[in-house]
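Participant: Data file final-v1.pdb (PDB, C-alpha atoms) is appended below.
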```pdb
ATOM      1  CA  MET R 106      -1.254 -25.881   0.622
ATOM      2  CA  ASN R 107      -1.440 -26.531  -3.106
ATOM      3  CA  SER R 108       0.577 -24.533  -5.622
ATOM      4  CA  ARG R 109      -2.465 -22.483  -6.636
ATOM      5  CA  ASP R 110      -2.893 -21.233  -3.051
ATOM      6  CA  ALA R 111       0.820 -20.783  -2.318
ATOM      7  CA  VAL R 112       2.075 -17.434  -1.118
ATOM      8  CA  HIS R 113       5.009 -16.260  -3.214
ATOM      9  CA  TYR R 114       7.301 -13.607  -1.799
ATOM     10  CA  THR R 115      10.405 -11.524  -2.158
ATOM     11  CA  THR R 116      12.101  -8.807  -0.182
ATOM     12  CA  LEU R 117      13.494  -5.537  -1.489
ATOM     13  CA  ASP R 118      15.672  -2.875   0.080
ATOM     14  CA  SER R 119      14.205   0.623  -0.023
ATOM     15  CA  PRO R 120      14.744   4.067   1.512
ATOM     16  CA  VAL R 121      11.986   3.253   4.042
ATOM     17  CA  GLY R 122      13.427  -0.115   5.061
ATOM     18  CA  GLU R 123      13.129  -3.641   3.785
ATOM     19  CA  LEU R 124       9.919  -4.309   1.879
ATOM     20  CA  LEU R 125       8.199  -7.695   2.038
ATOM     21  CA  LEU R 126       6.101  -8.320  -1.078
ATOM     22  CA  THR R 127       3.694 -11.199  -1.572
ATOM     23  CA  ALA R 128       1.865 -12.364  -4.670
ATOM     24  CA  ASP R 129      -0.469 -15.109  -5.728
ATOM     25  CA  ALA R 130       0.504 -17.767  -8.277
ATOM     26  CA  THR R 131      -0.412 -15.450 -11.172
ATOM     27  CA  GLY R 132       2.014 -12.793  -9.943
ATOM     28  CA  ALA R 133      -0.682 -10.357  -8.781
ATOM     29  CA  LEU R 134       0.647  -8.372  -5.825
ATOM     30  CA  THR R 135      -1.292  -9.236  -2.661
ATOM     31  CA  SER R 136       0.662  -7.310  -0.028
ATOM     32  CA  LEU R 137       3.549  -4.952   0.582
ATOM     33  CA  SER R 138       4.687  -4.682   4.198
ATOM     34  CA  VAL R 139       7.481  -2.946   6.103
ATOM     35  CA  PRO R 140       9.194  -4.068   9.335
ATOM     36  CA  GLY R 141       7.201  -3.218  12.424
ATOM     37  CA  GLN R 142       4.075  -2.440  10.427
ATOM     38  CA  LYS R 143       0.856  -2.602  12.397
ATOM     39  CA  GLY R 144      -1.012  -5.571  10.890
ATOM     40  CA  GLY R 145       1.785  -6.216   8.381
ATOM     41  CA  ARG R 146       2.618  -9.634   7.066
ATOM     42  CA  THR R 147       5.511 -11.696   8.324
ATOM     43  CA  LEU R 148       7.296 -14.446   6.464
ATOM     44  CA  GLY R 149       5.421 -17.745   6.641
ATOM     45  CA  PRO R 150       7.192 -21.119   6.819
ATOM     46  CA  GLU R 151       5.463 -22.465   3.694
ATOM     47  CA  TRP R 152       5.928 -19.367   1.564
ATOM     48  CA  ARG R 153       7.863 -19.697  -1.669
ATOM     49  CA  TYR R 154      10.725 -17.338  -2.453
ATOM     50  CA  GLU R 155      10.120 -16.330  -6.087
ATOM     51  CA  PRO R 156      11.828 -13.011  -6.873
ATOM     52  CA  GLY R 157      11.135 -13.448 -10.599
ATOM     53  CA  LEU R 158       7.411 -12.870 -10.030
ATOM     54  CA  PHE R 159       8.177  -9.403  -8.706
ATOM     55  CA  ARG R 160      10.356  -7.893 -11.455
ATOM     56  CA  ALA R 161       7.758  -5.308 -12.486
ATOM     57  CA  ALA R 162       7.084  -4.337  -8.856
ATOM     58  CA  GLU R 163      10.819  -4.097  -8.164
ATOM     59  CA  GLN R 164      11.391  -1.855 -11.192
ATOM     60  CA  GLN R 165       8.411   0.388 -10.458
ATOM     61  CA  LEU R 166       9.273   0.745  -6.765
ATOM     62  CA  ALA R 167      12.869   1.660  -7.645
ATOM     63  CA  ALA R 168      11.585   4.276 -10.113
ATOM     64  CA  TYR R 169       9.120   5.621  -7.504
ATOM     65  CA  PHE R 170      11.837   6.019  -4.870
ATOM     66  CA  ALA R 171      14.075   7.688  -7.476
ATOM     67  CA  GLY R 172      11.320  10.247  -8.145
ATOM     68  CA  GLU R 173      10.792   8.932 -11.678
ATOM     69  CA  LEU R 174       7.368   7.244 -11.298
ATOM     70  CA  ASP R 175       4.135   8.769 -10.071
ATOM     71  CA  GLU R 176       1.657   5.988 -10.818
ATOM     72  CA  PHE R 177       2.069   2.258 -10.268
ATOM     73  CA  ARG R 178       0.812  -0.051 -13.004
ATOM     74  CA  LEU R 179       0.783  -3.420 -11.298
ATOM     75  CA  GLU R 180      -1.802  -6.144 -11.075
ATOM     76  CA  LEU R 181      -3.142  -6.071  -7.525
ATOM     77  CA  ARG R 182      -5.310  -8.619  -5.743
ATOM     78  CA  THR R 183      -6.695  -7.934  -2.301
ATOM     79  CA  ASP R 184      -9.288  -9.716  -0.238
ATOM     80  CA  GLY R 185     -11.267  -7.297   1.879
ATOM     81  CA  THR R 186     -14.878  -6.680   2.735
ATOM     82  CA  ALA R 187     -16.937  -4.788   0.161
ATOM     83  CA  PHE R 188     -16.572  -1.645   2.303
ATOM     84  CA  ARG R 189     -12.778  -1.975   2.555
ATOM     85  CA  GLU R 190     -12.475  -2.596  -1.183
ATOM     86  CA  ARG R 191     -14.432   0.632  -1.856
ATOM     87  CA  VAL R 192     -12.148   2.572   0.482
ATOM     88  CA  TRP R 193      -9.050   1.039  -1.118
ATOM     89  CA  ALA R 194     -10.326   1.879  -4.604
ATOM     90  CA  ALA R 195     -10.759   5.486  -3.432
ATOM     91  CA  LEU R 196      -7.144   5.462  -2.225
ATOM     92  CA  ASP R 197      -6.049   4.348  -5.683
ATOM     93  CA  SER R 198      -7.577   7.522  -7.126
ATOM     94  CA  VAL R 199      -5.608   9.955  -4.922
ATOM     95  CA  PRO R 200      -3.030  11.466  -7.295
ATOM     96  CA  TYR R 201       0.703  11.494  -6.667
ATOM     97  CA  GLY R 202       1.853  14.654  -4.949
ATOM     98  CA  THR R 203      -1.510  15.400  -3.328
ATOM     99  CA  THR R 204      -3.230  14.591  -0.074
ATOM    100  CA  THR R 205      -6.810  13.982   0.922
ATOM    101  CA  THR R 206      -8.695  13.555   4.182
ATOM    102  CA  TYR R 207     -10.685  10.770   5.761
ATOM    103  CA  GLY R 208     -13.826  12.879   5.301
ATOM    104  CA  ALA R 209     -13.095  13.328   1.599
ATOM    105  CA  ILE R 210     -12.672   9.558   1.221
ATOM    106  CA  ALA R 211     -16.054   9.104   2.951
ATOM    107  CA  THR R 212     -17.649  11.521   0.496
ATOM    108  CA  ARG R 213     -15.935   9.847  -2.464
ATOM    109  CA  ILE R 214     -17.402   6.430  -1.584
ATOM    110  CA  GLY R 215     -20.827   7.784  -0.628
ATOM    111  CA  ALA R 216     -20.450   7.128   3.103
ATOM    112  CA  SER R 217     -21.635   9.504   5.805
ATOM    113  CA  ARG R 218     -19.239  11.734   7.715
ATOM    114  CA  ALA R 219     -20.005   9.497  10.712
ATOM    115  CA  ALA R 220     -18.217   6.680   8.873
ATOM    116  CA  VAL R 221     -14.830   8.413   9.198
ATOM    117  CA  ARG R 222     -13.701   6.044  11.979
ATOM    118  CA  ALA R 223     -14.594   3.023   9.821
ATOM    119  CA  ILE R 224     -12.789   4.657   6.896
ATOM    120  CA  GLY R 225      -9.706   5.007   9.094
ATOM    121  CA  GLY R 226      -9.933   1.326  10.025
ATOM    122  CA  ALA R 227     -10.145   0.300   6.382
ATOM    123  CA  ILE R 228      -7.208   2.535   5.463
ATOM    124  CA  GLY R 229      -5.203   1.097   8.369
ATOM    125  CA  ALA R 230      -5.900  -2.406   7.041
ATOM    126  CA  ASN R 231      -4.566  -1.572   3.567
ATOM    127  CA  PRO R 232      -2.325  -4.543   2.672
ATOM    128  CA  LEU R 233      -0.460  -2.674  -0.076
ATOM    129  CA  LEU R 234       1.531   0.125   1.538
ATOM    130  CA  ILE R 235       3.158   2.599  -0.854
ATOM    131  CA  VAL R 236       1.560   1.039  -3.959
ATOM    132  CA  ARG R 237      -1.937   1.841  -2.669
ATOM    133  CA  PRO R 238      -1.211   5.338  -1.328
ATOM    134  CA  CYS R 239      -2.743   5.423   2.137
ATOM    135  CA  HIS R 240       0.163   7.697   3.123
ATOM    136  CA  ARG R 241      -1.622  10.471   1.200
ATOM    137  CA  VAL R 242      -4.521  10.552   3.703
ATOM    138  CA  ILE R 243      -4.129  13.157   6.445
ATOM    139  CA  GLY R 244      -6.296  14.681   9.137
ATOM    140  CA  ALA R 245      -8.795  17.415   8.283
ATOM    141  CA  ASP R 246      -6.589  19.868  10.196
ATOM    142  CA  GLY R 247      -3.551  18.920   8.095
ATOM    143  CA  SER R 248      -2.032  16.683  10.769
ATOM    144  CA  LEU R 249      -0.221  13.489   9.914
ATOM    145  CA  THR R 250      -2.544  11.035  11.565
ATOM    146  CA  GLY R 251      -1.791   7.319  11.848
ATOM    147  CA  TYR R 252       0.032   5.236   9.311
ATOM    148  CA  ALA R 253       0.443   1.485   9.728
ATOM    149  CA  GLY R 254       4.046   1.775   8.535
ATOM    150  CA  GLY R 255       4.866   4.501  11.082
ATOM    151  CA  LEU R 256       4.714   8.289  10.851
ATOM    152  CA  ASP R 257       8.419   8.553   9.966
ATOM    153  CA  ARG R 258       7.768   6.524   6.807
ATOM    154  CA  LYS R 259       4.634   8.524   6.015
ATOM    155  CA  THR R 260       6.625  11.756   6.331
ATOM    156  CA  HIS R 261       9.359  10.324   4.076
ATOM    157  CA  LEU R 262       6.873   9.234   1.378
ATOM    158  CA  LEU R 263       5.050  12.563   1.385
ATOM    159  CA  ALA R 264       8.358  14.459   1.194
ATOM    160  CA  LEU R 265       9.442  12.226  -1.699
ATOM    161  CA  GLU R 266       6.249  13.252  -3.503
ATOM    162  CA  GLY R 267       6.821  16.932  -2.682
ATOM    163  CA  VAL R 268       3.678  17.158  -0.575
ATOM    164  CA  GLY R 269       2.917  19.697   2.107
ATOM    165  CA  ARG R 270       0.437  18.703   4.774
ATOM    166  CA  ARG R 271      -2.652  20.596   3.608
ATOM    167  CA  PRO R 272      -5.091  18.767   1.325
TER     168      PRO R 272
END
```
Could you show the structure in this file as structure tokens?
Facilitator:
Amino acid sequence: MNSRDAVHYTTLDSPVGELLLTADATGALTSLSVPGQKGGRTLGPEWRYEPGLFRAAEQQLAAYFAGELDEFRLELRTDGTAFRERVWAALDSVPYGTTTTYGAIATRIGASRAAVRAIGGAIGANPLLIVRPCHRVIGADGSLTGYAGGLDRKTHLLALEGVGRRP
């Protein structure tokens, strides 16, 4: 692995458990995972511990958890299919303190209502928990449907944002 392709990482304590953040060599955030996350990243043997690359993310996450930040302004770099990238971009547009549904995300990206299952798969594969707010997506009936980080964390994040369950 050359330095350009190296995975840089740090860990941060948070109210929802330890966060594992990764970035590319430019410092663009590539993932944010929590322990036990379905499909989350785990520390690799060749990864480079570089907490200095994550100062902005650390400051913004601390402000978010303190209730002082409602929009992250970080450089993000993900590598998904064109469909997943469209779904993730739609997640980025869901405002703090609100919720949306899988069907509304489908409409937002121009997909049919039949694509809701695929939308759910793309949301479940979101590599940037918290920063890319997949926790704001709920079931059409207001239920707290799946969250890769666990429903307890989803409930905590929504409560932090002052959100009820209805979109």
Participant: Might you pull out every residue within 12 Å of Glu266 of chain R, with all atoms listed in the file counted and same-chain residues fewer than 6 positions away left off, and present them as a ChimeraX atom specification?
Facilitator: /R:169-176,200-204,235,238,240-241,259-260
Participant: Just want the 12 Å neighbourhood of Glu190 of chain R, counted on all atoms listed in the file, with same-chain residues fewer than 2 positions away dropped. Output as a PDB file with C-alpha atoms, keeping the file's coordinate frame.
Facilitator:
```pdb
ATOM      1  CA  LEU R 181      -3.142  -6.071  -7.525  1.00  0.00           C
ATOM      2  CA  ARG R 182      -5.310  -8.619  -5.743  1.00  0.00           C
ATOM      3  CA  THR R 183      -6.695  -7.934  -2.301  1.00  0.00           C
ATOM      4  CA  ASP R 184      -9.288  -9.716  -0.238  1.00  0.00           C
ATOM      5  CA  GLY R 185     -11.267  -7.297   1.879  1.00  0.00           C
ATOM      6  CA  THR R 186     -14.878  -6.680   2.735  1.00  0.00           C
ATOM      7  CA  ALA R 187     -16.937  -4.788   0.161  1.00  0.00           C
ATOM      8  CA  PHE R 188     -16.572  -1.645   2.303  1.00  0.00           C
ATOM      9  CA  VAL R 192     -12.148   2.572   0.482  1.00  0.00           C
ATOM     10  CA  TRP R 193      -9.050   1.039  -1.118  1.00  0.00           C
ATOM     11  CA  ALA R 194     -10.326   1.879  -4.604  1.00  0.00           C
ATOM     12  CA  ALA R 195     -10.759   5.486  -3.432  1.00  0.00           C
ATOM     13  CA  LEU R 196      -7.144   5.462  -2.225  1.00  0.00           C
ATOM     14  CA  ASP R 197      -6.049   4.348  -5.683  1.00  0.00           C
ATOM     15  CA  ILE R 214     -17.402   6.430  -1.584  1.00  0.00           C
ATOM     16  CA  ILE R 224     -12.789   4.657   6.896  1.00  0.00           C
ATOM     17  CA  ALA R 227     -10.145   0.300   6.382  1.00  0.00           C
ATOM     18  CA  ILE R 228      -7.208   2.535   5.463  1.00  0.00           C
ATOM     19  CA  ALA R 230      -5.900  -2.406   7.041  1.00  0.00           C
ATOM     20  CA  ASN R 231      -4.566  -1.572   3.567  1.00  0.00           C
ATOM     21  CA  PRO R 232      -2.325  -4.543   2.672  1.00  0.00           C
ATOM     22  CA  ARG R 237      -1.937   1.841  -2.669  1.00  0.00           C
TER      23      ARG R 237
END
```
Participant: Report as a compact mmCIF listing (two decimals) with C-alpha atoms, in the coordinates of the input all protein, DNA and RNA residues lying within 9 Å of Thr147 of chain R, evaluated on all atoms listed in the file, omitting residues in the same chain fewer than 5 positions from it.
Facilitator:
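Written out: result_23.txt:
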```txt
# COMPACT_ATOMS: atom_id res chain seq x y z
CA LEU R 125 8.20 -7.70 2.04
CA SER R 138 4.69 -4.68 4.20
CA PRO R 140 9.19 -4.07 9.34
```
Participant: To one decimal place in Å, what is the distance between atom CA of Gly157 of chain R and atom CA of Leu134 of chain R?
Facilitator: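 Answer for the atom CA of Gly157 of chain R to atom CA of Leu134 of chain R separation: 12.6 Å.
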Participant: Residue by residue, what does the PyMOL selection byres ((chain R and resi 152) around 9) grab here? Present the result as a count of residues only.
Facilitator: 10
Participant: Would you mind telling me which residue in R:Thr250, R:Gln142, R:Thr212, R:Ser136 lies nearest to Val121 of chain R when using all atoms listed in the file?
Facilitator: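 Closest residue, counting all atoms listed in the file: R:Gln142.
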Participant: Report, in Å with one decimal, the straight-line distance from atom CA of Tyr207 of chain R to atom CA of Gly244 of chain R.
Facilitator: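 These two atoms are separated by 6.8 Å.
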Participant: Might I get the box with edges along x, y and z of the file that holds all atoms of segment 241-255 of chain R listed there, padded by 4 Å on every side, given as centre and edge lengths in Å to one decimal, as JSON?
Facilitator:
```
{"center_x": -2.0, "center_y": 10.7, "center_z": 6.5, "size_x": 21.7, "size_y": 26.4, "size_z": 18.6}
```
Participant: Using only C-alpha atoms for the distances, tell me which of R:Gly208, R:Gly132, R:Pro156, R:Gly144 is nearest to Tyr252 of chain R.
Facilitator: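 Closest candidate: R:Gly144.
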Participant: Kindly write segment 114-259 of chain R with C-alpha atoms to a file, as a PDB file, in the first residue's frame.
Facilitator:
```
ATOM      1  CA  TYR R 114      -7.734   6.783  11.131  1.00  0.00           C
ATOM      2  CA  THR R 115      -8.528   8.018  14.586  1.00  0.00           C
ATOM      3  CA  THR R 116     -10.979   7.123  17.298  1.00  0.00           C
ATOM      4  CA  LEU R 117     -13.147   9.486  19.313  1.00  0.00           C
ATOM      5  CA  ASP R 118     -15.283   8.999  22.394  1.00  0.00           C
ATOM      6  CA  SER R 119     -18.903  10.059  21.984  1.00  0.00           C
ATOM      7  CA  PRO R 120     -22.268   9.714  23.735  1.00  0.00           C
ATOM      8  CA  VAL R 121     -23.099   6.842  21.340  1.00  0.00           C
ATOM      9  CA  GLY R 122     -19.851   4.951  21.921  1.00  0.00           C
ATOM     10  CA  GLU R 123     -16.403   5.046  20.419  1.00  0.00           C
ATOM     11  CA  LEU R 124     -16.319   6.385  16.872  1.00  0.00           C
ATOM     12  CA  LEU R 125     -13.842   5.048  14.318  1.00  0.00           C
ATOM     13  CA  LEU R 126     -13.114   7.637  11.622  1.00  0.00           C
ATOM     14  CA  THR R 127     -11.143   7.020   8.450  1.00  0.00           C
ATOM     15  CA  ALA R 128      -9.842   9.448   5.859  1.00  0.00           C
ATOM     16  CA  ASP R 129      -7.818   9.412   2.695  1.00  0.00           C
ATOM     17  CA  ALA R 130      -4.407  11.084   2.418  1.00  0.00           C
ATOM     18  CA  THR R 131      -6.026  14.470   1.711  1.00  0.00           C
ATOM     19  CA  GLY R 132      -7.987  14.323   4.965  1.00  0.00           C
ATOM     20  CA  ALA R 133     -11.379  13.758   3.314  1.00  0.00           C
ATOM     21  CA  LEU R 134     -13.547  11.679   5.641  1.00  0.00           C
ATOM     22  CA  THR R 135     -14.238   8.257   4.116  1.00  0.00           C
ATOM     23  CA  SER R 136     -16.065   6.515   6.960  1.00  0.00           C
ATOM     24  CA  LEU R 137     -17.439   6.900  10.458  1.00  0.00           C
ATOM     25  CA  SER R 138     -18.289   3.649  12.233  1.00  0.00           C
ATOM     26  CA  VAL R 139     -19.477   2.608  15.690  1.00  0.00           C
ATOM     27  CA  PRO R 140     -18.776  -0.664  17.548  1.00  0.00           C
ATOM     28  CA  GLY R 141     -21.019  -3.489  16.443  1.00  0.00           C
ATOM     29  CA  GLN R 142     -22.196  -1.609  13.369  1.00  0.00           C
ATOM     30  CA  LYS R 143     -23.616  -3.785  10.628  1.00  0.00           C
ATOM     31  CA  GLY R 144     -21.117  -3.426   7.763  1.00  0.00           C
ATOM     32  CA  GLY R 145     -18.956  -1.023   9.785  1.00  0.00           C
ATOM     33  CA  ARG R 146     -15.232  -0.767   9.374  1.00  0.00           C
ATOM     34  CA  THR R 147     -12.766  -2.363  11.735  1.00  0.00           C
ATOM     35  CA  LEU R 148      -9.196  -1.307  12.318  1.00  0.00           C
ATOM     36  CA  GLY R 149      -6.852  -2.646   9.644  1.00  0.00           C
ATOM     37  CA  PRO R 150      -3.267  -3.716  10.389  1.00  0.00           C
ATOM     38  CA  GLU R 151      -1.762  -1.310   7.835  1.00  0.00           C
ATOM     39  CA  TRP R 152      -3.852   1.703   8.784  1.00  0.00           C
ATOM     40  CA  ARG R 153      -2.060   4.821   9.956  1.00  0.00           C
ATOM     41  CA  TYR R 154      -3.068   6.525  13.189  1.00  0.00           C
ATOM     42  CA  GLU R 155      -3.201  10.231  12.275  1.00  0.00           C
ATOM     43  CA  PRO R 156      -5.452  12.141  14.691  1.00  0.00           C
ATOM     44  CA  GLY R 157      -4.278  15.480  13.269  1.00  0.00           C
ATOM     45  CA  LEU R 158      -6.155  14.819  10.018  1.00  0.00           C
ATOM     46  CA  PHE R 159      -9.411  14.698  11.954  1.00  0.00           C
ATOM     47  CA  ARG R 160      -9.341  17.947  13.961  1.00  0.00           C
ATOM     48  CA  ALA R 161     -12.247  19.513  12.065  1.00  0.00           C
ATOM     49  CA  ALA R 162     -14.321  16.319  12.333  1.00  0.00           C
ATOM     50  CA  GLU R 163     -13.522  16.040  16.044  1.00  0.00           C
ATOM     51  CA  GLN R 164     -14.559  19.649  16.695  1.00  0.00           C
ATOM     52  CA  GLN R 165     -17.752  19.405  14.647  1.00  0.00           C
ATOM     53  CA  LEU R 166     -18.791  16.087  16.200  1.00  0.00           C
ATOM     54  CA  ALA R 167     -18.226  17.494  19.699  1.00  0.00           C
ATOM     55  CA  ALA R 168     -20.351  20.538  18.803  1.00  0.00           C
ATOM     56  CA  TYR R 169     -23.067  18.283  17.310  1.00  0.00           C
ATOM     57  CA  PHE R 170     -23.262  16.130  20.442  1.00  0.00           C
ATOM     58  CA  ALA R 171     -23.354  19.296  22.575  1.00  0.00           C
ATOM     59  CA  GLY R 172     -26.385  20.498  20.586  1.00  0.00           C
ATOM     60  CA  GLU R 173     -24.413  23.397  19.104  1.00  0.00           C
ATOM     61  CA  LEU R 174     -24.086  22.238  15.462  1.00  0.00           C
ATOM     62  CA  ASP R 175     -26.841  21.286  13.057  1.00  0.00           C
ATOM     63  CA  GLU R 176     -24.914  20.933   9.801  1.00  0.00           C
ATOM     64  CA  PHE R 177     -21.544  19.292   9.228  1.00  0.00           C
ATOM     65  CA  ARG R 178     -19.118  21.068   6.914  1.00  0.00           C
ATOM     66  CA  LEU R 179     -16.527  18.408   6.226  1.00  0.00           C
ATOM     67  CA  GLU R 180     -14.948  17.144   3.055  1.00  0.00           C
ATOM     68  CA  LEU R 181     -16.400  13.695   2.426  1.00  0.00           C
ATOM     69  CA  ARG R 182     -15.265  11.043  -0.033  1.00  0.00           C
ATOM     70  CA  THR R 183     -17.257   7.881  -0.550  1.00  0.00           C
ATOM     71  CA  ASP R 184     -17.030   5.166  -3.143  1.00  0.00           C
ATOM     72  CA  GLY R 185     -20.432   3.748  -3.957  1.00  0.00           C
ATOM     73  CA  THR R 186     -22.387   2.836  -7.041  1.00  0.00           C
ATOM     74  CA  ALA R 187     -24.075   5.693  -8.891  1.00  0.00           C
ATOM     75  CA  PHE R 188     -27.386   4.665  -7.285  1.00  0.00           C
ATOM     76  CA  ARG R 189     -25.932   4.632  -3.757  1.00  0.00           C
ATOM     77  CA  GLU R 190     -24.265   8.006  -4.294  1.00  0.00           C
ATOM     78  CA  ARG R 191     -27.645   9.484  -5.342  1.00  0.00           C
ATOM     79  CA  VAL R 192     -29.299   8.053  -2.232  1.00  0.00           C
ATOM     80  CA  TRP R 193     -26.479   9.345  -0.021  1.00  0.00           C
ATOM     81  CA  ALA R 194     -26.716  12.805  -1.590  1.00  0.00           C
ATOM     82  CA  ALA R 195     -30.445  12.775  -0.773  1.00  0.00           C
ATOM     83  CA  LEU R 196     -29.582  11.916   2.838  1.00  0.00           C
ATOM     84  CA  ASP R 197     -27.289  14.937   2.957  1.00  0.00           C
ATOM     85  CA  SER R 198     -30.274  17.163   2.166  1.00  0.00           C
ATOM     86  CA  VAL R 199     -32.440  15.986   5.095  1.00  0.00           C
ATOM     87  CA  PRO R 200     -32.343  18.910   7.544  1.00  0.00           C
ATOM     88  CA  TYR R 201     -31.335  18.626  11.182  1.00  0.00           C
ATOM     89  CA  GLY R 202     -34.295  18.068  13.460  1.00  0.00           C
ATOM     90  CA  THR R 203     -36.491  16.491  10.780  1.00  0.00           C
ATOM     91  CA  THR R 204     -37.187  13.018   9.491  1.00  0.00           C
ATOM     92  CA  THR R 205     -38.054  11.597   6.114  1.00  0.00           C
ATOM     93  CA  THR R 206     -39.150   8.224   4.779  1.00  0.00           C
ATOM     94  CA  TYR R 207     -37.688   5.705   2.385  1.00  0.00           C
ATOM     95  CA  GLY R 208     -40.491   6.539  -0.058  1.00  0.00           C
ATOM     96  CA  ALA R 209     -39.668  10.246   0.117  1.00  0.00           C
ATOM     97  CA  ILE R 210     -36.008   9.472  -0.618  1.00  0.00           C
ATOM     98  CA  ALA R 211     -37.150   7.418  -3.637  1.00  0.00           C
ATOM     99  CA  THR R 212     -39.199  10.363  -4.881  1.00  0.00           C
ATOM    100  CA  ARG R 213     -36.331  12.788  -4.251  1.00  0.00           C
ATOM    101  CA  ILE R 214     -33.938  10.780  -6.451  1.00  0.00           C
ATOM    102  CA  GLY R 215     -36.528  10.015  -9.132  1.00  0.00           C
ATOM    103  CA  ALA R 216     -36.814   6.308  -8.317  1.00  0.00           C
ATOM    104  CA  SER R 217     -40.079   4.387  -8.294  1.00  0.00           C
ATOM    105  CA  ARG R 218     -41.845   3.461  -5.071  1.00  0.00           C
ATOM    106  CA  ALA R 219     -40.867  -0.133  -5.909  1.00  0.00           C
ATOM    107  CA  ALA R 220     -37.239   0.883  -5.339  1.00  0.00           C
ATOM    108  CA  VAL R 221     -37.808   1.385  -1.597  1.00  0.00           C
ATOM    109  CA  ARG R 222     -36.041  -1.892  -0.723  1.00  0.00           C
ATOM    110  CA  ALA R 223     -33.007  -0.854  -2.795  1.00  0.00           C
ATOM    111  CA  ILE R 224     -33.122   2.569  -1.136  1.00  0.00           C
ATOM    112  CA  GLY R 225     -33.038   0.843   2.252  1.00  0.00           C
ATOM    113  CA  GLY R 226     -30.020  -1.196   1.156  1.00  0.00           C
ATOM    114  CA  ALA R 227     -28.178   1.922   0.034  1.00  0.00           C
ATOM    115  CA  ILE R 228     -29.013   3.722   3.279  1.00  0.00           C
ATOM    116  CA  GLY R 229     -27.843   0.685   5.265  1.00  0.00           C
ATOM    117  CA  ALA R 230     -24.531   0.804   3.385  1.00  0.00           C
ATOM    118  CA  ASN R 231     -23.924   4.461   4.279  1.00  0.00           C
ATOM    119  CA  PRO R 232     -20.265   4.571   5.394  1.00  0.00           C
ATOM    120  CA  LEU R 233     -20.621   7.905   7.208  1.00  0.00           C
ATOM    121  CA  LEU R 234     -22.955   7.402  10.159  1.00  0.00           C
ATOM    122  CA  ILE R 235     -24.033  10.565  11.981  1.00  0.00           C
ATOM    123  CA  VAL R 236     -22.297  12.895   9.495  1.00  0.00           C
ATOM    124  CA  ARG R 237     -24.499  11.638   6.646  1.00  0.00           C
ATOM    125  CA  PRO R 238     -27.799  11.508   8.555  1.00  0.00           C
ATOM    126  CA  CYS R 239     -29.301   8.127   7.734  1.00  0.00           C
ATOM    127  CA  HIS R 240     -30.695   8.131  11.290  1.00  0.00           C
ATOM    128  CA  ARG R 241     -33.270  10.667  10.060  1.00  0.00           C
ATOM    129  CA  VAL R 242     -34.951   8.086   7.782  1.00  0.00           C
ATOM    130  CA  ILE R 243     -37.927   6.326   9.365  1.00  0.00           C
ATOM    131  CA  GLY R 244     -40.732   4.071   8.218  1.00  0.00           C
ATOM    132  CA  ALA R 245     -43.789   5.524   6.489  1.00  0.00           C
ATOM    133  CA  ASP R 246     -45.819   4.648   9.596  1.00  0.00           C
ATOM    134  CA  GLY R 247     -43.415   6.592  11.830  1.00  0.00           C
ATOM    135  CA  SER R 248     -41.614   3.489  13.090  1.00  0.00           C
ATOM    136  CA  LEU R 249     -37.901   3.457  13.745  1.00  0.00           C
ATOM    137  CA  THR R 250     -36.866   0.946  11.144  1.00  0.00           C
ATOM    138  CA  GLY R 251     -33.327  -0.410  10.850  1.00  0.00           C
ATOM    139  CA  TYR R 252     -30.166   1.497  11.539  1.00  0.00           C
ATOM    140  CA  ALA R 253     -26.741  -0.025  10.936  1.00  0.00           C
ATOM    141  CA  GLY R 254     -25.523   1.486  14.210  1.00  0.00           C
ATOM    142  CA  GLY R 255     -28.418  -0.018  16.197  1.00  0.00           C
ATOM    143  CA  LEU R 256     -31.844   1.360  17.088  1.00  0.00           C
ATOM    144  CA  ASP R 257     -30.651   2.580  20.504  1.00  0.00           C
ATOM    145  CA  ARG R 258     -28.170   4.893  18.768  1.00  0.00           C
ATOM    146  CA  LYS R 259     -30.782   6.008  16.242  1.00  0.00           C
TER     147      LYS R 259
END
```
